[in-house]
Structure formats: C-alpha cells, structure tokens
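Have a look at work09.cif; it's mmCIF, C-alpha atoms:
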```cif
data_target
#
loop_
_atom_site.group_PDB
_atom_site.id
_atom_site.type_symbol
_atom_site.label_atom_id
_atom_site.label_comp_id
_atom_site.auth_asym_id
_atom_site.auth_seq_id
_atom_site.Cartn_x
_atom_site.Cartn_y
_atom_site.Cartn_z
ATOM 1 C CA MET A 273 -98.078 16.588 -25.107
ATOM 2 C CA GLU A 274 -96.662 13.469 -23.528
ATOM 3 C CA ILE A 275 -93.524 12.100 -25.179
ATOM 4 C CA THR A 276 -92.851 8.368 -24.916
ATOM 5 C CA ILE A 277 -89.233 7.232 -25.015
ATOM 6 C CA SER A 278 -88.610 3.709 -26.209
ATOM 7 C CA GLU A 279 -86.523 1.268 -24.181
ATOM 8 C CA SER A 280 -83.804 1.253 -26.847
ATOM 9 C CA VAL A 281 -83.538 5.055 -26.685
ATOM 10 C CA LYS A 282 -83.442 4.943 -22.880
ATOM 11 C CA LYS A 283 -80.633 2.396 -23.006
ATOM 12 C CA GLN A 284 -78.702 4.560 -25.476
ATOM 13 C CA LEU A 285 -79.084 7.628 -23.244
ATOM 14 C CA ILE A 286 -77.874 5.652 -20.222
ATOM 15 C CA LYS A 287 -74.877 4.350 -22.193
ATOM 16 C CA GLU A 288 -73.946 7.828 -23.437
ATOM 17 C CA SER A 289 -74.218 9.224 -19.917
ATOM 18 C CA MET A 290 -71.958 6.511 -18.515
ATOM 19 C CA LEU A 291 -69.417 6.888 -21.306
ATOM 20 C CA ASP A 292 -69.358 10.630 -20.615
ATOM 21 C CA ASP A 293 -68.699 9.803 -16.948
ATOM 22 C CA PHE A 294 -65.838 7.594 -18.155
ATOM 23 C CA ARG A 295 -64.345 10.454 -20.123
ATOM 24 C CA LYS A 296 -64.560 12.878 -17.224
ATOM 25 C CA THR A 297 -63.181 10.389 -14.686
ATOM 26 C CA LEU A 298 -60.292 9.324 -16.916
ATOM 27 C CA SER A 299 -59.408 12.963 -17.519
ATOM 28 C CA LYS A 300 -59.409 13.556 -13.771
ATOM 29 C CA ILE A 301 -57.210 10.503 -13.130
ATOM 30 C CA ALA A 302 -54.671 11.704 -15.665
ATOM 31 C CA SER A 303 -54.386 15.098 -13.967
ATOM 32 C CA ILE A 304 -54.225 13.994 -10.304
ATOM 33 C CA GLY A 305 -50.717 12.538 -10.479
ATOM 34 C CA GLU A 306 -49.328 15.542 -12.351
ATOM 35 C CA LYS A 307 -50.988 18.031 -10.006
ATOM 36 C CA SER A 308 -49.729 16.083 -6.997
ATOM 37 C CA ILE A 309 -46.150 16.274 -8.249
ATOM 38 C CA GLU A 310 -46.582 19.965 -9.082
ATOM 39 C CA GLU A 311 -48.147 20.819 -5.720
ATOM 40 C CA SER A 312 -45.516 18.912 -3.732
ATOM 41 C CA ASN A 313 -42.794 20.937 -5.498
ATOM 42 C CA LYS A 314 -43.539 23.635 -2.943
ATOM 43 C CA ILE A 315 -42.017 21.624 -0.109
ATOM 44 C CA ARG A 316 -39.817 19.004 -1.787
ATOM 45 C CA ASN A 317 -36.042 19.478 -1.960
ATOM 46 C CA PHE A 318 -35.229 16.691 -4.428
ATOM 47 C CA ASP A 319 -36.201 15.715 -7.978
ATOM 48 C CA ILE A 320 -38.855 13.095 -8.785
ATOM 49 C CA LYS A 321 -39.328 13.839 -12.472
ATOM 50 C CA PHE A 322 -39.120 10.154 -13.356
ATOM 51 C CA LEU A 323 -42.488 9.667 -11.631
ATOM 52 C CA LEU A 324 -44.077 11.788 -14.355
ATOM 53 C CA THR A 325 -43.990 8.666 -16.539
ATOM 54 C CA TRP A 326 -46.486 7.070 -14.162
ATOM 55 C CA SER A 327 -48.332 10.215 -13.066
ATOM 56 C CA SER A 328 -51.511 9.480 -15.025
ATOM 57 C CA THR A 329 -51.701 5.913 -13.712
ATOM 58 C CA ILE A 330 -50.938 6.541 -10.040
ATOM 59 C CA GLY A 331 -53.625 9.217 -9.949
ATOM 60 C CA GLY A 332 -56.127 6.395 -9.518
ATOM 61 C CA PHE A 333 -54.482 5.448 -6.220
ATOM 62 C CA MET A 334 -53.392 8.893 -5.053
ATOM 63 C CA GLY A 335 -56.859 10.393 -5.437
ATOM 64 C CA PRO A 336 -58.601 8.344 -2.720
ATOM 65 C CA LEU A 337 -55.425 8.278 -0.591
ATOM 66 C CA SER A 338 -55.016 12.073 -0.577
ATOM 67 C CA ASP A 339 -58.739 12.436 0.181
ATOM 68 C CA PHE A 340 -58.283 10.138 3.181
ATOM 69 C CA ILE A 341 -55.242 12.066 4.440
ATOM 70 C CA ALA A 342 -57.000 15.426 4.096
ATOM 71 C CA GLY A 343 -60.013 14.033 5.929
ATOM 72 C CA GLN A 344 -57.908 12.786 8.849
ATOM 73 C CA GLU A 345 -55.321 15.570 9.098
ATOM 74 C CA HIS A 346 -57.141 18.900 8.806
ATOM 75 C CA ASN A 347 -54.085 20.926 9.836
ATOM 76 C CA LEU A 348 -52.026 19.916 6.806
ATOM 77 C CA THR A 349 -51.554 22.182 3.791
ATOM 78 C CA LYS A 350 -52.480 20.953 0.321
ATOM 79 C CA ALA A 351 -48.782 20.639 -0.536
ATOM 80 C CA GLU A 352 -48.176 18.510 2.580
ATOM 81 C CA VAL A 353 -51.143 16.254 1.811
ATOM 82 C CA MET A 354 -49.943 15.740 -1.760
ATOM 83 C CA PHE A 355 -46.346 15.133 -0.683
ATOM 84 C CA ILE A 356 -47.405 12.507 1.857
ATOM 85 C CA ALA A 357 -49.682 10.803 -0.687
ATOM 86 C CA LEU A 358 -46.907 10.856 -3.261
ATOM 87 C CA GLY A 359 -44.427 9.483 -0.730
ATOM 88 C CA VAL A 360 -46.731 6.660 0.333
ATOM 89 C CA THR A 361 -47.460 5.761 -3.296
ATOM 90 C CA ALA A 362 -43.757 5.716 -4.160
ATOM 91 C CA SER A 363 -43.011 3.613 -1.068
ATOM 92 C CA LEU A 364 -45.657 1.048 -1.980
ATOM 93 C CA PHE A 365 -45.189 0.794 -5.739
ATOM 94 C CA TYR A 366 -41.619 1.799 -6.628
ATOM 95 C CA ASN A 367 -38.658 -0.378 -5.740
ATOM 96 C CA ASN A 368 -36.253 2.523 -5.273
ATOM 97 C CA GLU A 369 -34.577 2.628 -1.861
ATOM 98 C CA LYS A 370 -32.777 5.882 -2.640
ATOM 99 C CA LEU A 371 -36.044 7.652 -3.431
ATOM 100 C CA VAL A 372 -37.813 6.278 -0.353
ATOM 101 C CA SER A 373 -34.872 7.348 1.822
ATOM 102 C CA LYS A 374 -35.109 10.894 0.452
ATOM 103 C CA ILE A 375 -38.852 10.957 1.032
ATOM 104 C CA LEU A 376 -38.561 9.766 4.631
ATOM 105 C CA SER A 377 -35.762 12.238 5.335
ATOM 106 C CA ARG A 378 -37.829 15.146 4.034
ATOM 107 C CA VAL A 379 -40.957 13.921 5.842
ATOM 108 C CA SER A 380 -38.961 13.924 9.100
ATOM 109 C CA GLU A 381 -37.547 17.411 8.425
ATOM 110 C CA LEU A 382 -41.057 18.762 7.909
ATOM 111 C CA GLY A 383 -42.385 17.118 11.084
ATOM 112 C CA LEU A 384 -44.838 14.979 9.134
ATOM 113 C CA MET A 385 -43.711 11.514 10.199
ATOM 114 C CA GLU A 386 -46.787 10.646 12.249
ATOM 115 C CA SER A 387 -49.087 11.720 9.427
ATOM 116 C CA PHE A 388 -46.969 9.748 6.959
ATOM 117 C CA LYS A 389 -47.113 6.586 9.072
ATOM 118 C CA MET A 390 -50.896 6.882 9.349
ATOM 119 C CA ALA A 391 -51.204 7.366 5.592
ATOM 120 C CA LEU A 392 -48.816 4.481 4.895
ATOM 121 C CA GLU A 393 -50.968 2.079 6.906
ATOM 122 C CA LYS A 394 -54.046 3.190 4.987
ATOM 123 C CA GLY A 395 -52.101 2.870 1.731
ATOM 124 C CA LYS A 396 -51.107 -0.694 2.576
ATOM 125 C CA GLU A 397 -54.729 -1.495 3.329
ATOM 126 C CA LEU A 398 -55.872 -0.029 -0.002
ATOM 127 C CA LYS A 399 -53.103 -1.820 -1.885
ATOM 128 C CA GLY A 400 -53.948 -5.175 -0.301
ATOM 129 C CA ALA A 401 -57.645 -4.779 -1.100
ATOM 130 C CA PHE A 402 -56.816 -3.764 -4.658
ATOM 131 C CA ILE A 403 -54.532 -6.755 -5.220
ATOM 132 C CA SER A 404 -57.321 -9.058 -4.037
ATOM 133 C CA PHE A 405 -59.737 -7.279 -6.348
ATOM 134 C CA LEU A 406 -57.426 -7.650 -9.376
ATOM 135 C CA GLU A 407 -57.013 -11.342 -8.681
ATOM 136 C CA SER A 408 -60.797 -11.709 -8.431
ATOM 137 C CA ILE A 409 -61.211 -10.424 -12.003
ATOM 138 C CA GLY A 410 -58.449 -12.632 -13.379
ATOM 139 C CA ILE A 411 -55.508 -10.223 -13.403
ATOM 140 C CA THR A 412 -52.243 -11.741 -12.187
ATOM 141 C CA THR A 413 -50.199 -9.155 -10.295
ATOM 142 C CA SER A 414 -46.644 -10.087 -11.251
ATOM 143 C CA ASN A 415 -44.904 -7.117 -9.588
ATOM 144 C CA ILE A 416 -45.627 -3.833 -7.827
ATOM 145 C CA LEU A 417 -45.327 -1.734 -10.991
ATOM 146 C CA HIS A 418 -47.835 -4.037 -12.676
ATOM 147 C CA ILE A 419 -50.221 -3.436 -9.774
ATOM 148 C CA ALA A 420 -49.700 0.330 -10.049
ATOM 149 C CA SER A 421 -50.483 0.231 -13.760
ATOM 150 C CA PHE A 422 -54.048 -0.925 -13.014
ATOM 151 C CA THR A 423 -54.875 1.577 -10.242
ATOM 152 C CA PHE A 424 -56.708 3.732 -12.778
ATOM 153 C CA LEU A 425 -59.573 1.227 -12.359
ATOM 154 C CA ILE A 426 -60.252 2.323 -8.760
ATOM 155 C CA PRO A 427 -62.237 5.511 -9.544
ATOM 156 C CA LEU A 428 -64.099 3.696 -12.334
ATOM 157 C CA LEU A 429 -65.645 0.953 -10.191
ATOM 158 C CA GLY A 430 -68.822 2.914 -9.506
ATOM 159 C CA ILE A 431 -69.361 3.440 -13.230
ATOM 160 C CA PHE A 432 -68.846 -0.261 -13.948
ATOM 161 C CA MET A 433 -71.413 -1.088 -11.275
ATOM 162 C CA GLY A 434 -73.883 1.242 -12.972
ATOM 163 C CA ILE A 435 -73.274 -0.403 -16.336
ATOM 164 C CA ALA A 436 -73.756 -3.877 -14.881
ATOM 165 C CA GLN A 437 -76.945 -2.937 -13.037
ATOM 166 C CA ASN A 438 -78.627 -0.872 -15.758
ATOM 167 C CA SER A 439 -78.046 -2.879 -18.893
ATOM 168 C CA THR A 440 -76.583 -5.960 -20.477
ATOM 169 C CA ILE A 441 -73.259 -4.719 -21.752
ATOM 170 C CA THR A 442 -72.431 -5.750 -25.314
ATOM 171 C CA HIS A 443 -69.117 -6.547 -26.965
ATOM 172 C CA ASP A 444 -69.284 -3.282 -28.933
ATOM 173 C CA GLU A 445 -69.844 -1.291 -25.749
ATOM 174 C CA ILE A 446 -66.834 -2.918 -24.089
ATOM 175 C CA VAL A 447 -64.739 -2.074 -27.162
ATOM 176 C CA GLU A 448 -65.941 1.536 -26.940
ATOM 177 C CA ILE A 449 -65.029 1.721 -23.253
ATOM 178 C CA VAL A 450 -61.588 0.231 -23.879
ATOM 179 C CA GLU A 451 -60.965 2.683 -26.712
ATOM 180 C CA ARG A 452 -61.761 5.591 -24.390
ATOM 181 C CA ILE A 453 -59.450 4.240 -21.703
ATOM 182 C CA ILE A 454 -56.556 3.750 -24.113
ATOM 183 C CA ALA A 455 -57.126 7.168 -25.713
ATOM 184 C CA SER A 456 -57.020 8.823 -22.288
ATOM 185 C CA GLY A 457 -53.401 7.747 -21.823
ATOM 186 C CA VAL A 458 -53.861 6.312 -18.327
ATOM 187 C CA THR A 459 -52.687 2.838 -19.332
ATOM 188 C CA ARG A 460 -50.309 1.119 -21.707
ATOM 189 C CA HIS A 461 -52.060 -2.216 -21.484
ATOM 190 C CA SER A 462 -53.267 -3.862 -24.672
ATOM 191 C CA SER A 463 -56.916 -3.728 -25.674
ATOM 192 C CA VAL A 464 -57.174 -7.510 -25.241
ATOM 193 C CA ILE A 465 -56.078 -7.338 -21.592
ATOM 194 C CA LEU A 466 -58.463 -4.486 -20.877
ATOM 195 C CA LYS A 467 -61.421 -6.096 -22.643
ATOM 196 C CA ASN A 468 -60.998 -9.312 -20.642
ATOM 197 C CA ALA A 469 -60.579 -7.348 -17.412
ATOM 198 C CA ILE A 470 -63.707 -5.259 -18.068
ATOM 199 C CA LYS A 471 -65.780 -8.321 -19.002
ATOM 200 C CA ASN A 472 -64.754 -10.008 -15.753
ATOM 201 C CA LEU A 473 -65.330 -6.817 -13.795
ATOM 202 C CA VAL A 474 -68.852 -6.323 -15.134
ATOM 203 C CA SER A 475 -69.663 -9.979 -14.455
ATOM 204 C CA LYS A 476 -68.329 -9.622 -10.926
ATOM 205 C CA THR A 477 -70.407 -6.515 -10.196
ATOM 206 C CA LYS A 478 -73.528 -8.310 -11.423
ATOM 207 C CA GLU A 479 -72.841 -11.270 -9.163
ATOM 208 C CA ASN A 480 -71.743 -9.232 -6.122
ATOM 209 C CA PRO A 481 -73.227 -5.711 -6.344
ATOM 210 C CA GLY A 482 -71.710 -3.336 -3.769
ATOM 211 C CA ASN A 483 -68.497 -5.274 -3.045
ATOM 212 C CA GLU A 484 -66.267 -3.134 -5.253
ATOM 213 C CA GLU A 485 -67.417 0.015 -3.545
ATOM 214 C CA SER A 486 -66.156 -1.249 -0.199
ATOM 215 C CA GLN A 487 -62.771 -2.116 -1.698
ATOM 216 C CA SER A 488 -62.275 1.339 -3.184
#
```
How does the structure come out when it is put into structure tokens?
Amino acid sequence: MEITISESVKKQLIKESMLDDFRKTLSKIASIGEKSIEESNKIRNFDIKFLLTWSSTIGGFMGPLSDFIAGQEHNLTKAEVMFIALGVTASLFYNNEKLVSKILSRVSELGLMESFKMALEKGKELKGAFISFLESIGITTSNILHIASFTFLIPLLGIFMGIAQNSTITHDEIVEIVERIIASGVTRHSSVILKNAIKNLVSKTKENPGNEESQS
C-alpha cells in the first residue's frame, strides 16, 4: 500500500532531522576543545587550565584547524596535532604574551616549529575569513575574544544552508535553534544576539548559497 506524506509532515521531518544535526554538532563542538587540552597534556610542560573556560567555544575553530594540520602533516602524533592547534588558537585569540611565549618555547623544544608556522598561516587565513563572515551577518567584532566566542558557528554553516534551502524558517524555529545552542553551553551570548545573527545568516545563505562553505 502506497503511503502519501503531506508537505507539512515532510517539512516537520526535515526540521527535526536538522535540529538533531544541531544537537549532535553542538555536542561535538563542546567536546573538541576539552579533548584537545586533554590530549596535549601528553606533551605539554606547562598549565593552560584557564583555557577550559573557553574550551567549548574554541572547539568550533580548533576542529577544522586540527583536521587541516593532520591532513598536511601525516607524521605528527595526535597529541602533537592537538598541541599545535591549541597553540595557534591561543596565539590568534588570547592576548597573553606569557602563554604564547611558553607555547613557542615548547614547540621549538619538540621540533615542531615548521609545522606550527604552517598551521599559524592557515589559522590566520581562517580567522580573517571568519571575521569577514561575521561582519557580513551584522556582528561587530569588537575584540579577539569576542571573535572567538562566535567560532561555534563554523561547523553549523552547512546546517544553516540546508535550513535556508529546504524551507522558509519561521520565528518559532529560530527560537528553537537558539534554545538548543544556549542549552549546549557553547556560547554565553544572549538569545537576542543569536536570533538576529541566525536570521541574518539564513538570509545570507538564501541570497548566496555555497559562499559560507568556502569560508569554513
């Protein structure tokens, strides 16, 4: 017997699937930073516990950066990849000369300077593209920590593109998405800021499908 699914039911199934993707991605973001710090403990000789405060947020940046490093430097261990990614992220987003000095000293001791320099250049490229992206959706980047606090959006861009292309997103759906983001703990931004950002992001993906993917 053939079963016909109405358009409203199809739309609901698509929405539930995308929201489930949100949940899974946000959970992954929150764990990347913590796992990176834990993994790099194997080769670090100094304390970076204060970064735990930002571990869930910086996972959005460290994920694609560590993937890039691992793809370019196949001879590195997982701990080395994570340490380099953590060092690059700290160098780009944390105004702490003492920390950066410790990172560079340890990188040199481990013979990883060339790999670090390569990763730093890629990190700068990603950061620059991300700043441009934030500005394009109406987010003013007042300082580097403010930029870092929005990096959780990077792994979510593909999902936003799917939402924009498959349906007309409603106010209630945006509220639901924002609630999931806030509940995940990856951001301390207010719901108002996030709702405006998501509205602008969805509008942008509708107008320029595919652009966000190249920036991530």
Given the PyMOL selection byres ((chain A and resi 364) around 9), the residues it picks as a PyMOL selection string: chain A and resi 359-363+365-367+392+395-396+399+416
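When atom CA of Ser414 of chain A is paired with atom CA of Leu466 of chain A, their separation reads 16.2 Å.
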Apply the PyMOL selection byres ((chain A and resi 389) around 12) to the file shown and report the selected residues as a ChimeraX atom specification. /A:341,356-357,359-360,363,376,379-380,383-388,390-396
Close residues, Met354 of chain A itself excluded, 7 Å, only C-alpha atoms, min 2 positions apart in chain, as a VMD selection string: chain A and resid 308 311 to 312 338 350 to 352 356 to 358
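If you look at atom CA of Val353 of chain A and atom CA of Arg378 of chain A, they are 13.5 Å away from each other.
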Atom pair atom CA of Glu306 of chain A / atom CA of Phe422 of chain A: separation (Å): 17.1 Å
Could you tell me which residues the PyMOL selection byres ((chain A and resi 302) around 12) grabs in this file, written as a PyMOL selection string? chain A and resi 295-301+303-308+324-335+423-424+427+453-459
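The shell of residues at most 9 Å from Phe294 of chain A, with only C-alpha atoms counted and near chain neighbours (fewer than 5 positions) removed, consists of Ser289, Ser299, Leu428, Ile431, Ile449, Arg452 and Ile453 of chain A.
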Name the residues in contact with His443 of chain A at a cut-off of 9 Å, using only C-alpha atoms, excluding same-chain residues fewer than 3 positions from it; report them as JSON, numbers by chain. {"A": [446, 447, 448, 467, 471]}
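Distances from A:Met433, A:Val372, A:Ile309, A:Ala469 to Ile409 of chain A were compared using all atoms listed in the file, and the smallest one belongs to A:Ala469.
Using all atoms listed in the file, the shortest contact distance between Leu398 of chain A and any of A:Ser463, A:Leu429, A:Pro336, A:Ile375 is found at A:Pro336.
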